[in-house]
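Have a look at the structure below before the remarks.
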Number of protein chains: 2
Amino acid sequence: MLLSTKGDYGVRAMIDLAKHEGGGPVQRAEIARRRQIPESYLDHLLAQLRRAGFIRSVRGPGGGHLLARPAEEICLLHVLEALEGSLAPLGCLDNTEAGQEAICGQEWVWQEIYDNMRGKLSGVSVAELVEHERVHERDTAGTTPLGNYNI
Amino acid sequence: MLLSTKGDYGVRAMIDLAKHEGGGPVQRAEIARRRQIPESYLDHLLAQLRRAGFIRSVRGPGGGHLLARPAEEICLLHVLEALEGSLAPLGCLDNTEAGQEAICGQEWVWQEIYDNMRGKLSGVSVAELVEHERVHERDTAGTTPLGNYNI
DNA sequence: ACAATGTCGACTGAATTAGTCGTGAATACG
DNA sequence: CGTATTCACGACTAATTCAGTCGACATTGT
């Protein structure tokens, strides 16, 4: 599995924050409840996202977390790389060092796949993820077992 | 990292066997030496490849391993899936079960990436990997630090 | 002052990775 | 037959990562 729960949960959190953009800070506990993330684990992910500059946080009563930049300007690739480190499917693909000998014989295939992946991920913003979710919600209104993220 | 050394080493071994197609069994020790794989670990990988039907093995003096089918008919996708299990970048992508609720909000992006990946991997045969390697060898003849796989 | 909230680091149990090792089985060869 | 060669298989292990939990502390609104 390329993505661990870190990337998954972290993106969920970003979507949640984007959905409440402009509405003041959103609390960890809310995000955790709506997106089904263990709250104390979410803590770490929010810290990573903050250090990476995607969100900022406010302490004290009424505090919480907000996007540091508009959701349209934050792409999935950057968020995931901040959370997961490199997304390279194969170790040797990130060694841009010259003189690296291609020994495993399949790098060229994976390089194409990796390029396609990065292209797609950098073409999708957090705002688009929110929009996608909104459409999906309308489609399945009332029929979905989980996931009314507006509660 | 999507691929562990299993997939990497296993494909290297398949390439090595394909390169010696028609030349009788190739011994574990040879493969290990040429492809820089710990021999006792390679043992496990060959077992997996054999159980998956890609190779067959011959015991006794002069024994070794051979492709069970022509290299042209073996695609990278199948080999890798045999070694690594599912290559799905995200857990939820392999649950073809109906009723699976999309909760993480990014499945649609990853589904596209996964489809592209599987398409490319199933379009490349082990024979093509060998051919690619032969071309690369000619290009870098004498200049390469490692990797004359013909020794 | 105090309650609500975020911040940070230490700690943990389970799983996975990347192997090693030893024993045993098959077989070619003399 | 005996022996050397080669694969077959399972037990074991050390290191790392994953997926959290927990507790102490800092900040701030009322």
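Following the order of the structure tokens, first chain is A, next is B, and so on, with residues numbered from 1 inside each chain and ligands from 1 in the order they appear.
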- Message: Residues within 10 Å of DA4 (chain D), please, as a PyMOL selection string. Count only C-alpha atoms (C1' of nucleotides); anything in the same chain fewer than 4 positions from it doesn't count.
- Response: (chain B and resi 60-61) or (chain C and resi 28-29)
Each residue of chain D with at least one atom at most 8 Å from chain A should appear once, together with its nearest atom pair and the corresponding distance in Å (one decimal); atoms considered: only C-alpha atoms (C1' of nucleotides); ordering: chain, then increasing residue number; output as a Markdown table.
| residue | atom | partner | partner_atom | distance |
| --- | --- | --- | --- | --- |
| D:DA19 | C1' | A:Tyr41 | CA | 7.8 |
| D:DG20 | C1' | A:Tyr41 | CA | 6.1 |
| D:DT21 | C1' | A:Ser40 | CA | 7.2 |
| D:DT27 | C1' | A:Arg59 | CA | 5.7 |
| D:DT28 | C1' | A:Gly60 | CA | 4.4 |
| D:DG29 | C1' | A:Pro61 | CA | 5.7 |
Mind dumping the selected residues with N, CA and C atoms (P, O5', C5', C4', C3', O3' and C1' of nucleotides) as a tab-separated table (two decimals), in the first residue's frame?
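The new file again.tsv reads:
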chain	number	residue	atom	x	y	z
D	19	DA	P	-0.91	2.74	9.33
D	19	DA	O5'	-1.39	2.81	10.84
D	19	DA	C5'	-1.88	1.62	11.45
D	19	DA	C4'	-2.24	1.92	12.88
D	19	DA	C3'	-3.08	3.21	13.05
D	19	DA	O3'	-4.06	2.98	14.05
D	19	DA	C1'	-1.19	3.32	14.39
D	20	DG	P	-5.36	3.93	14.00
D	20	DG	O5'	-4.89	5.31	14.55
D	20	DG	C5'	-4.86	5.82	15.83
D	20	DG	C4'	-4.16	4.98	16.87
D	20	DG	C3'	-4.35	5.56	18.25
D	20	DG	O3'	-5.45	4.97	18.87
D	20	DG	C1'	-2.10	4.81	17.86
D	21	DT	P	-6.18	5.78	19.98
D	21	DT	O5'	-5.20	5.69	21.26
D	21	DT	C5'	-4.86	4.42	21.78
D	21	DT	C4'	-4.01	4.64	23.02
D	21	DT	C3'	-4.61	5.62	24.03
D	21	DT	O3'	-4.57	5.01	25.31
D	21	DT	C1'	-2.41	6.28	23.48
D	27	DT	P	3.09	29.71	25.69
D	27	DT	O5'	1.58	29.98	25.31
D	27	DT	C5'	1.08	29.44	24.07
D	27	DT	C4'	-0.41	29.68	24.01
D	27	DT	C3'	-0.85	31.12	24.27
D	27	DT	O3'	-1.49	31.54	23.08
D	27	DT	C1'	-2.23	29.57	25.42
D	28	DT	P	-1.88	33.09	22.83
D	28	DT	O5'	-3.40	33.14	23.32
D	28	DT	C5'	-4.33	32.26	22.70
D	28	DT	C4'	-5.63	32.25	23.47
D	28	DT	C3'	-6.12	33.65	23.91
D	28	DT	O3'	-7.48	33.75	23.60
D	28	DT	C1'	-6.25	32.16	25.69
D	29	DG	P	-8.05	35.05	22.87
D	29	DG	O5'	-9.62	34.97	23.23
D	29	DG	C5'	-10.37	33.85	22.79
D	29	DG	C4'	-11.44	33.50	23.81
D	29	DG	C3'	-12.29	34.69	24.28
D	29	DG	O3'	-13.66	34.28	24.22
D	29	DG	C1'	-11.32	33.61	26.17
Proximity check chain C to chain B, 10 Å, nearest pairs one decimal Å, only C-alpha atoms (C1' of nucleotides), as JSON lines:
{"residue": "C:DT17", "atom": "C1'", "partner": "B:Ser4", "partner_atom": "CA", "distance": 8.0}
{"residue": "C:DA18", "atom": "C1'", "partner": "B:Tyr41", "partner_atom": "CA", "distance": 7.9}
{"residue": "C:DG19", "atom": "C1'", "partner": "B:Tyr41", "partner_atom": "CA", "distance": 6.2}
{"residue": "C:DT20", "atom": "C1'", "partner": "B:Ser40", "partner_atom": "CA", "distance": 7.3}
{"residue": "C:DC21", "atom": "C1'", "partner": "B:Ser40", "partner_atom": "CA", "distance": 9.1}
{"residue": "C:DA25", "atom": "C1'", "partner": "B:Arg59", "partner_atom": "CA", "distance": 9.1}
{"residue": "C:DA26", "atom": "C1'", "partner": "B:Arg59", "partner_atom": "CA", "distance": 5.8}
{"residue": "C:DT27", "atom": "C1'", "partner": "B:Gly60", "partner_atom": "CA", "distance": 4.4}
{"residue": "C:DA28", "atom": "C1'", "partner": "B:Pro61", "partner_atom": "CA", "distance": 5.7}
{"residue": "C:DC29", "atom": "C1'", "partner": "B:Pro61", "partner_atom": "CA", "distance": 8.8}
- as a PyMOL selection string, list the residues of chain B assigned to alpha helix (DSSP H) by DSSP on the backbone atoms of this structure. chain B and resi 5-19+28-35+39-51+76-84+107-122+126-139
- Item | Close residues, Gly123 (chain A) itself excluded, 10 Å, only C-alpha atoms (C1' of nucleotides), min 5 positions apart in chain, as a PyMOL selection string | (chain A and resi 74-77+117-118+128) or (chain B and resi 109)
- What residues in chain B lie within 10 Å of chain A, counting only C-alpha atoms, written as a PyMOL selection string? chain B and resi 1-5+7-13+15+35-36+76+84-91+99-110+112-114+116-121+123-124+126+128-130+132-133+136+144-149
Writing out the chosen residues with C-alpha atoms as an mmCIF file, in the first residue's frame:
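Result written to part.cif:
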data_model
loop_
_atom_site.group_PDB
_atom_site.id
_atom_site.type_symbol
_atom_site.label_atom_id
_atom_site.label_comp_id
_atom_site.auth_asym_id
_atom_site.auth_seq_id
_atom_site.Cartn_x
_atom_site.Cartn_y
_atom_site.Cartn_z
ATOM 1 C CA MET B 1 6.996 2.810 -1.149
ATOM 2 C CA LEU B 2 4.594 0.699 -3.101
ATOM 3 C CA LEU B 3 7.111 -1.995 -4.007
ATOM 4 C CA SER B 4 9.212 -3.774 -1.452
ATOM 5 C CA THR B 5 12.422 -5.543 -2.331
ATOM 6 C CA GLY B 7 8.874 -7.147 -6.162
ATOM 7 C CA ASP B 8 12.157 -5.637 -7.163
ATOM 8 C CA TYR B 9 14.243 -8.775 -6.593
ATOM 9 C CA GLY B 10 11.564 -11.045 -7.979
ATOM 10 C CA VAL B 11 11.375 -9.154 -11.244
ATOM 11 C CA ARG B 12 15.151 -9.099 -11.477
ATOM 12 C CA ALA B 13 15.120 -12.859 -11.133
ATOM 13 C CA ILE B 15 14.548 -11.035 -16.143
ATOM 14 C CA ARG B 35 21.424 -9.526 -9.783
ATOM 15 C CA GLN B 36 22.779 -8.693 -6.360
ATOM 16 C CA LEU B 76 4.882 -7.394 -15.166
ATOM 17 C CA GLU B 84 3.494 -8.222 -3.501
ATOM 18 C CA GLY B 85 -0.177 -8.943 -3.342
ATOM 19 C CA SER B 86 -2.439 -6.157 -4.454
ATOM 20 C CA LEU B 87 -0.711 -3.062 -5.754
ATOM 21 C CA ALA B 88 -3.599 -0.805 -4.826
ATOM 22 C CA PRO B 89 -2.162 2.493 -3.620
ATOM 23 C CA LEU B 90 -5.065 2.934 -1.224
ATOM 24 C CA GLY B 91 -6.759 0.260 0.848
ATOM 25 C CA GLY B 99 -21.932 -0.986 -0.466
ATOM 26 C CA GLN B 100 -18.438 0.107 0.415
ATOM 27 C CA GLU B 101 -18.828 3.660 1.459
ATOM 28 C CA ALA B 102 -16.363 6.084 -0.003
ATOM 29 C CA ILE B 103 -15.299 7.979 3.047
ATOM 30 C CA CYS B 104 -11.806 9.150 2.456
ATOM 31 C CA GLY B 105 -12.715 11.555 -0.342
ATOM 32 C CA GLN B 106 -9.796 10.909 -2.628
ATOM 33 C CA GLU B 107 -10.591 7.435 -3.970
ATOM 34 C CA TRP B 108 -11.667 8.751 -7.351
ATOM 35 C CA VAL B 109 -8.279 10.323 -7.953
ATOM 36 C CA TRP B 110 -6.436 7.212 -6.907
ATOM 37 C CA GLU B 112 -7.610 6.761 -12.064
ATOM 38 C CA ILE B 113 -3.983 6.452 -11.059
ATOM 39 C CA TYR B 114 -4.412 2.790 -10.214
ATOM 40 C CA ASN B 116 -3.272 3.801 -15.416
ATOM 41 C CA MET B 117 -0.749 1.832 -13.432
ATOM 42 C CA ARG B 118 -2.344 -1.536 -14.060
ATOM 43 C CA GLY B 119 -2.685 -0.709 -17.720
ATOM 44 C CA LYS B 120 0.978 0.067 -18.092
ATOM 45 C CA LEU B 121 2.124 -2.895 -16.036
ATOM 46 C CA GLY B 123 1.305 -3.932 -21.206
ATOM 47 C CA VAL B 124 4.897 -4.818 -20.413
ATOM 48 C CA VAL B 126 9.235 -9.848 -19.112
ATOM 49 C CA GLU B 128 10.333 -6.501 -23.125
ATOM 50 C CA LEU B 129 12.238 -5.896 -19.920
ATOM 51 C CA VAL B 130 15.013 -8.099 -21.240
ATOM 52 C CA HIS B 132 15.192 -2.958 -22.750
ATOM 53 C CA GLU B 133 18.094 -4.165 -20.693
ATOM 54 C CA HIS B 136 20.772 -0.249 -22.248
ATOM 55 C CA THR B 144 28.877 0.945 -16.216
ATOM 56 C CA PRO B 145 30.159 0.363 -12.680
ATOM 57 C CA LEU B 146 27.892 -2.567 -11.997
ATOM 58 C CA GLY B 147 25.782 -4.780 -14.002
ATOM 59 C CA ASN B 148 27.131 -6.856 -16.751
ATOM 60 C CA TYR B 149 24.501 -9.452 -16.241
#
- Item | Long-range neighbours of DT7 (chain C) as number ranges by chain, 10 Å cut-off, only C-alpha atoms (C1' of nucleotides), 4 positions minimum in chain | A: 43-44, 47, 59; D: 25-27
- What is the distance, in Å and to one decimal place, between CA of Glu72 (chain B) and CA of Ala18 (chain B)? 9.2 Å
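Nearest to Arg69 (chain B) of all the residues B:Ala52, B:Leu45, B:Ile37, B:Ala29 is B:Ala52, based on only C-alpha atoms.
Among the residues of chain B, backbone DSSP assigns strand (DSSP E) to Ile55, Arg56, Ser57, Val58, Gly64, His65, Leu66 and Leu67 of chain B.
In this structure, CA of Gln27 (chain A) sits 6.2 Å away from CA of His65 (chain A).
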- Task: Name all residues at most 12 Å from Gly53 (chain B) (count only C-alpha atoms (C1' of nucleotides); drop same-chain ones fewer than 5 positions away) and give them as a ChimeraX atom specification.
- Result: /B:46-48,66-70,74,78-79,82-83
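Coordinates place CA of Arg33 (chain B) at a distance of 13.2 Å from CA of Leu17 (chain B).
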